[in-house]
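Below is one structure, written out as structure tokens, with a few remarks after it.
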Amino acid sequence: MRLTRRTLMRGSLLTASAMPMLRTAEAKPRLQDAPIRWIDGAPPATHGGQTFGVAWPQGALSKRQRLAVHAGDAAVPSQSWPTAYWPDGSVKWTAHAIPAEAGRAERLTVAPGRETAPPAAVSVEERPDAIVIRSGTRSWEIGRSGAALVRSARNGDRVLVENATLVGEVRAGAADGERQPLGCRIDRAVVEQRGPVRAVVRVEGTHVAGGRAILPFTIRLYAYAGSEGLRLVHSFVYDIDPAAFFLSGLGIAVGVPMRGPLHDRHIRLATGADRMFVEAVRPLTGLRRDPGQAIRDAQIAGRAVGPVADMRAPVGQLLERIPSWSDFSLAQLSANGFTLTKRTRDGQGWIDADEGRRAPGLGYVGSPEGGAAIAMRYFWERHPTQLDIRGAAADKATLTAWLWSPEARPMDLRPYHDAMGMEGYDAQNQGLDITYEDYEPGWDTPTGIARTSELTLWAFDATPATTRLQALAQATATPPQLMVYPAHAHAAGVFGDWGLPDRSTPKRAAIEDQLANLIDFYADEVDQRSWYGFWDHGDVMHTYDADRHQWRYDIGGFAWANSELSPDLWLWYAALRSGDARTFRLAEAMTRHTGEVDVYHLGRFKGLGTRHGVQHFSDSSKQPRVSNAAYRRIFYYLTADERVGDLLRDLATSEEALRTVEIGRKVPGAERKPLPPGVIEMSFGTVWCSVAAAWLTEWERTGSAKWRDRIVAGMDSIGRLPLGWFHGGAPYDLASGRFIDDGGKRSFSHLNAVFGAAEVNSELLSLFDVPRYRATWLEYCRWYNAPREEFLAKFGEPFGPRNLAEGHSRLTAYAARAGKDESLARRAAAEFYAGTAGLGMADGDPRITLPNGLVEWPGVSTNAASQWGLAAIQNLAMIPEALDAVDRPPPRRRRG
């Protein structure tokens with residue numbers, strides 16, 4: 001078919017005149033109370049406020065229905081809002097916030113009813129130049145312009161915190177160049193929520209270096225009723241040339257007014273789960289002369305020691321002879337070591353005060369008349385980090401949390417190798433052939449990647465007890481999290497094909513055991529292999545090198561996984577069905593990484609992600625399959641996290657980048673036919689399904705028909721192609737959202753269905769009644785893994801290559817369930833058990849311990865683990881009886 005604008009318009013009119021109907025629920029389900037649990041299995045010692053999501057079956061919850069939170073018979077103050085809707089307009093997901101320290105019960109419920117207000121509600125006042133959040137007697141003034149994010153935090157009229165601002169430094173020209181200060185400029189501040197339980201303010205701006213605006217940032221500030229703290233979620237985009245500027249420091253600095261005598265000023269730095277550095281600016285313990293036990297006890301406890309006259313002589317008369325310590329620094333420059341030093345003042349020498357392995361990341365400075373603490377999540381995991389206290393002996397101290405320590409080597413995000421003679425496609429394909437790296441000069445750029453960090457800032461009336469600060473440090477390092485019970489989420493019918501853990505038969509139990517073992521293995525590998533660091537934390541490696549007993553961290557496309565073959569989805573489905581805290585947090589860290597670091601947020605690659613490589617940005621293949629919205633959806637709906645919500649919204653237009661970025665540019669022998677303006681080549685699975693997940697999310701969140709119609713246009717046009725899904729891909733008109741028949745031949749790509757296509761299609765087909773699309777997807781599911789003789793009898797030549805048969809067993813299972821075909825279900829089970837091009841089933845736990853103490857899983861790769869995990873979860877849900885009926889072959893011997 002000749003591709004013309006008239007052809008494209010005719011396809012658009014067809015969609016408008018023959019819009020497929022939306023699927024609707026057969027009967028309105030009864031609204032059931034939603035049970036909620038703490039993922040760690042027990043209420044936390046403390047929490048600063050909670051937000052969590054709840055799923056509801058289609059038709060069960062109307063937009064007008066109010067919801068309340070309870071702990072047994074007791075009402076829990078709450079604030080609720082919808083986050084997604086079903087096609088019939090009923091509510092699909094809601095989010096709920098509860099105050100600090102509330103809901104510390106074994107089980108909560110969300111049920112119809114009117115929310116209870118907190119005793120001291122949060123409120124927001126908007127002024128021309130500032131936004132003020134009030135909670136009880138505490139108020140936080142947030143700037144709309146200037147440099148101060150938090151201009152002040154007050155208790156009544158008393159200022160406890162002032163001028164909280166972003167700080168940093170860059171070095172121009174070279175990593176050892178002259179340090180230039182990095183300032184902050186706020187462009188705007190927007191109120192997103194006003195209370196009564198939770199208030200949210202979004203602040204946007206840029207950093208400034210030498211008059212140049214760089215590193216755009218977004219910070220959300222969260223205030224929860226009952227909390228003395230303000231949660232900060234800080235995101236910035238790296239938009240500088242890594243060869244011209246080296247970011248050598250990035251942090252948040254807070255001013256703390258210092259009151260009272262030096263011996264009543266206190267320093268606290270968390271140094272372990274149950275360890276705290278507890279000192280005063282002027283120490284009264286350990287002196288040659290004893291001031292008295294009551295004096296010493298009061299100083300250690302953080303209380304005022306009382307009148308100088310109460311001190312034993314001659315201590316009170318000689319206070320000025322005791323050195324005062326004004327500056328303190330805890331530097332975590334690696335995942336396995338920190339140092340703590342202090343000095344009396346600027347210009348004097350630093351002395352070593354302590355050292356240890358992994359600091360939780362909390363620092364406090366203040367007095368019995370007020371003070372401030374700041375804590376950073378992932379403090380040691382995201383090294384190099386640092387906590388600084390400066391000027392504690394002056395009228396105002398500065399407390400700084402460094403996301404990137406100025407004591408560390410500057411960030412060096414330059415490409416890890418030069419062109420190596422690979423200026424042309426022939427040489428680049430040779431490189432791909434030997435190291436699996438898709439390289440092209442100029443495409444290995446970090447410009448446009450991002451990072452999000454989570455901190456909490458507290459303003460205290462007085463120095464808290466050490467035990468209180470320890471509890472806050474741990475609650476920041478490992479935040480408590482409420483989550484809807486898996487059984488309730490499953491009954492709501494969200495996220496396609498998954499089921500609850502099932503150990504009802506020996507074979508199902510064996511699969512469940514391997515799922516649990518595999519997640520434990522990866523969680524342990526994070527620590528065993530030290531997959532930490534500011535840009536790396538949250539990702540895992542791609543492929544193992546059994547010869548070196550090391551992951552292939554330095555071999556091209558075998559290094560960081562960067563979402564290849566959907567580890568994000570595997571972990572989230574595992575967390576969704578189990579509610580397991582370790583799995584949840586492993587998946588959460590991956591979402592924080594892959595959605596930020598592996599995706600471009602500005603520039604020519606905006607909306608695209610980077611294929612797996614030695615550096616997260618180093619591979620020149622920029623793909624929607626990595627930026628895939630399907631990888632973020634589960635976390636967003638379980639937590640209502642606004643930052644991830646931003647990322648999902650940005651992806652709704654990510655296909656626009658493909659107007660200028662040719663992602664299939666150097667496939668050998670490909671003949672590129674000229675296409676009309678606005679028409680691009682697009683694969684069905686790795687591209688269309690990836691962006692369709694973003695459109696689906698945006699439609700669910702907004703109800704806008706724009707996104708629904710775009711999904712249906714794509715589904716309908718794929719269904720109208722002569723070969724349907726067997727085309728693999730086709731020209732795509734960006735304006736109409738339709739694919740066009742270009743006479744393509746039958747194509748099998750082993751990647752098309754393993755980047756969320758199976759999961760996204762399961763959701764789409766449950767929401768939209770598009771018969772042609774359903775038919776072609778089921779045909780693809782049935783025949784991708786079909787035996788050669790059956791395929792040839794059905795279609796004739798060419799048969800073509802197949803790969804990832806184990807992972808594709810869940811497609812066979814989907815077709816079997818849809819057609820109620822028991823023989824096809826048994827074929828799916830056999831495909832799963834055979835383990836072809838996958839991980840395979842082990843007898844028991846396959847992990848081995850080497851003489852040097854390293855633990856290995858023979859034959860493991862993240863590709864195989866991810867696809868085996870997804871196939872296991874979905875096959876258990878769709879064909880459990882077939883898994884019981886089919887004999888497992890003996891496990892294959894694997895090279896260890």
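In the structure tokens, chains take the letters A, B, ... in the order shown, each chain's residues start at 1, and ligands count up from 1 in the order shown.
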
| message | Need the shell around stretch 296-313 of chain A: protein/DNA/RNA residues with any atom at most 12 Å away, counting only C-alpha atoms. Skip same-chain ones fewer than 4 positions apart. Format as a PyMOL selection string? | response | chain A and resi 259-268+276-292+317-319+364-371+461-469

| said: Just list as a PyMOL selection string whatever in stretch 654-752 of chain A DSSP marks as alpha helix (DSSP H). | reply: chain A and resi 689-702+705-720

| field | Shell of 9 Å around A:Met376, only C-alpha atoms, local chain residues under 3 positions omitted, as a list of chain:residue names | value | A:Pro360, A:Gly361, A:Leu362, A:Phe379, A:Ala401, A:Trp402, A:Leu403, A:Ser453, A:Glu454, A:Leu455, A:Thr456, A:Ala473, A:Thr476, A:Ala477

Kindly save the residues from that selection, with N, CA, C and O atoms included, as a JSON list (two decimals), in the first residue's frame.
[["chain", "number", "residue", "atom", "x", "y", "z"],
["A", 360, "PRO", "N", 23.15, 5.54, 59.47],
["A", 360, "PRO", "CA", 21.76, 5.66, 59.00],
["A", 360, "PRO", "C", 21.46, 6.97, 58.30],
["A", 360, "PRO", "O", 20.53, 7.04, 57.49],
["A", 361, "GLY", "N", 22.21, 8.06, 58.62],
["A", 361, "GLY", "CA", 22.04, 9.29, 57.86],
["A", 361, "GLY", "C", 21.21, 10.36, 58.53],
["A", 361, "GLY", "O", 20.50, 11.10, 57.84],
["A", 362, "LEU", "N", 21.31, 10.49, 59.87],
["A", 362, "LEU", "CA", 20.59, 11.55, 60.58],
["A", 362, "LEU", "C", 21.57, 12.40, 61.36],
["A", 362, "LEU", "O", 22.49, 11.87, 62.03],
["A", 379, "PHE", "N", 21.20, 6.63, 52.80],
["A", 379, "PHE", "CA", 22.39, 7.44, 53.07],
["A", 379, "PHE", "C", 23.67, 6.72, 52.64],
["A", 379, "PHE", "O", 24.47, 7.25, 51.87],
["A", 401, "ALA", "N", 22.84, 18.37, 54.65],
["A", 401, "ALA", "CA", 22.80, 16.98, 54.16],
["A", 401, "ALA", "C", 23.31, 16.99, 52.73],
["A", 401, "ALA", "O", 22.67, 17.59, 51.85],
["A", 402, "TRP", "N", 24.44, 16.36, 52.51],
["A", 402, "TRP", "CA", 25.04, 16.32, 51.18],
["A", 402, "TRP", "C", 24.60, 15.06, 50.46],
["A", 402, "TRP", "O", 24.90, 13.95, 50.88],
["A", 403, "LEU", "N", 23.89, 15.24, 49.34],
["A", 403, "LEU", "CA", 23.54, 14.11, 48.49],
["A", 403, "LEU", "C", 24.77, 13.61, 47.74],
["A", 403, "LEU", "O", 24.86, 12.42, 47.40],
["A", 453, "SER", "N", 15.91, 11.98, 45.46],
["A", 453, "SER", "CA", 16.36, 11.65, 46.81],
["A", 453, "SER", "C", 15.26, 12.00, 47.80],
["A", 453, "SER", "O", 14.46, 12.91, 47.57],
["A", 454, "GLU", "N", 15.24, 11.28, 48.91],
["A", 454, "GLU", "CA", 14.20, 11.47, 49.93],
["A", 454, "GLU", "C", 14.85, 11.86, 51.25],
["A", 454, "GLU", "O", 15.75, 11.17, 51.73],
["A", 455, "LEU", "N", 14.38, 12.97, 51.83],
["A", 455, "LEU", "CA", 14.91, 13.45, 53.09],
["A", 455, "LEU", "C", 13.76, 13.86, 54.00],
["A", 455, "LEU", "O", 12.64, 14.06, 53.55],
["A", 456, "THR", "N", 14.07, 14.03, 55.28],
["A", 456, "THR", "CA", 13.11, 14.59, 56.23],
["A", 456, "THR", "C", 13.82, 15.63, 57.07],
["A", 456, "THR", "O", 14.94, 15.40, 57.54],
["A", 473, "ALA", "N", 15.83, 8.08, 62.87],
["A", 473, "ALA", "CA", 16.87, 7.69, 61.91],
["A", 473, "ALA", "C", 16.50, 6.38, 61.23],
["A", 473, "ALA", "O", 16.63, 6.24, 60.01],
["A", 476, "THR", "N", 13.59, 6.70, 58.79],
["A", 476, "THR", "CA", 13.99, 7.31, 57.52],
["A", 476, "THR", "C", 14.79, 6.33, 56.68],
["A", 476, "THR", "O", 14.58, 6.23, 55.46],
["A", 477, "ALA", "N", 15.69, 5.60, 57.30],
["A", 477, "ALA", "CA", 16.51, 4.65, 56.56],
["A", 477, "ALA", "C", 15.66, 3.51, 55.99],
["A", 477, "ALA", "O", 15.88, 3.07, 54.85]]

| request: Quick one: everything within 6 Å of stretch 586-599 of chain A, counting only C-alpha atoms, minus sequence neighbours fewer than 5 positions away in the same chain. Send it as a ChimeraX atom specification. | output: /A:449-451,538-539,571-572,608-610,616,627

Could you turn the residues from that selection into a file that holds C-alpha atoms, as a short mmCIF file (atom, residue, chain, number, x, y, z; two decimals), in the first residue's frame?
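Printed below is result_8.cif as written:
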data_model
loop_
_atom_site.label_atom_id
_atom_site.label_comp_id
_atom_site.auth_asym_id
_atom_site.auth_seq_id
_atom_site.Cartn_x
_atom_site.Cartn_y
_atom_site.Cartn_z
CA ILE A 449 19.07 11.75 33.17
CA ALA A 450 17.73 12.45 36.67
CA ARG A 451 17.88 11.36 40.29
CA GLY A 538 18.49 0.31 42.69
CA ASP A 539 19.69 -1.42 39.54
CA LEU A 571 9.63 -7.72 41.38
CA TRP A 572 6.44 -5.66 41.54
CA LEU A 608 13.28 7.37 25.92
CA GLY A 609 15.37 5.02 28.03
CA THR A 610 18.80 3.53 27.50
CA HIS A 616 23.48 3.47 32.66
CA SER A 627 11.23 4.14 29.85
#

| atom CA of A:Arg582 to atom CA of A:Thr836, straight-line distance in Å | 29.3 Å

| task | Excluding A:Val122 and any residue of its chain fewer than 6 positions from it, enumerate the residues within 10 Å of it, using only C-alpha atoms, and give them as a list in words. | result | Pro99, Ile133, Arg134, Ser135, Gly136, Arg138, Ser139, Arg194, Gly195, Pro196, Val197, Arg198, Ala199, Ala223, Tyr224, Ala225, Gly226 and Ser227 of chain A

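For the residues A:Lys706, A:Arg782, A:His750, A:Arg151, ranking by smallest atom-to-atom distance to A:Ala825 using only C-alpha atoms places A:Arg782 first.
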
| query | Can you list, as a PyMOL selection string, every protein, DNA or RNA residue that comes within 8 Å of stretch 514-517 of chain A when you count only C-alpha atoms, leaving out same-chain residues fewer than 6 positions away? | reply | chain A and resi 841-842+844-845+869+872

| query | Taking only C-alpha atoms into account, which of A:Ala561, A:Ala834, A:Ala692, A:Val254 comes nearest A:Met541? | reply | A:Ala561

| query | With distances taken over only C-alpha atoms, which of A:Ala629, A:Ala105, A:Ala885, A:Leu876 is nearest to A:Gly645? | reply | A:Ala629

| field | Residue contacts of A:Trp560 (12 Å, only C-alpha atoms) excluding same-chain residues fewer than 6 positions away, as a ChimeraX atom specification | value | /A:437,531,535-544,551-554,567,590,593-594,597-598,610-619,861-863

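Of the residues under consideration (A:Val691, A:Met411, A:Val256, A:Leu399), A:Met411 shows the shortest atom-to-atom contact distance to A:Arg171 when counting only C-alpha atoms.
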
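For the set A:Asp568, A:Asp395, A:Asp527, A:Asp241, the residue with the smallest atom-to-atom gap to A:Arg632 is A:Asp568, counting only C-alpha atoms.
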
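Going from atom CA of A:Tyr637 to atom CA of A:Ser717 covers 29.8 Å.
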
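Put simply, atom CA of A:Ala829 is 15.0 Å away from atom CA of A:Pro891.
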
| request: Kindly indicate which residue among A:Lys92, A:Gly743, A:Leu767, A:Ala828 lies nearest to A:Asn785, using only C-alpha atoms for the distances. | output: A:Ala828

| field | DSSP strand (DSSP E) residues within stretch 338-520 of chain A, listed as a PyMOL selection string | value | chain A and resi 338-343+351-356+362-367+370-376+385-390+396-404+450-460+482-484
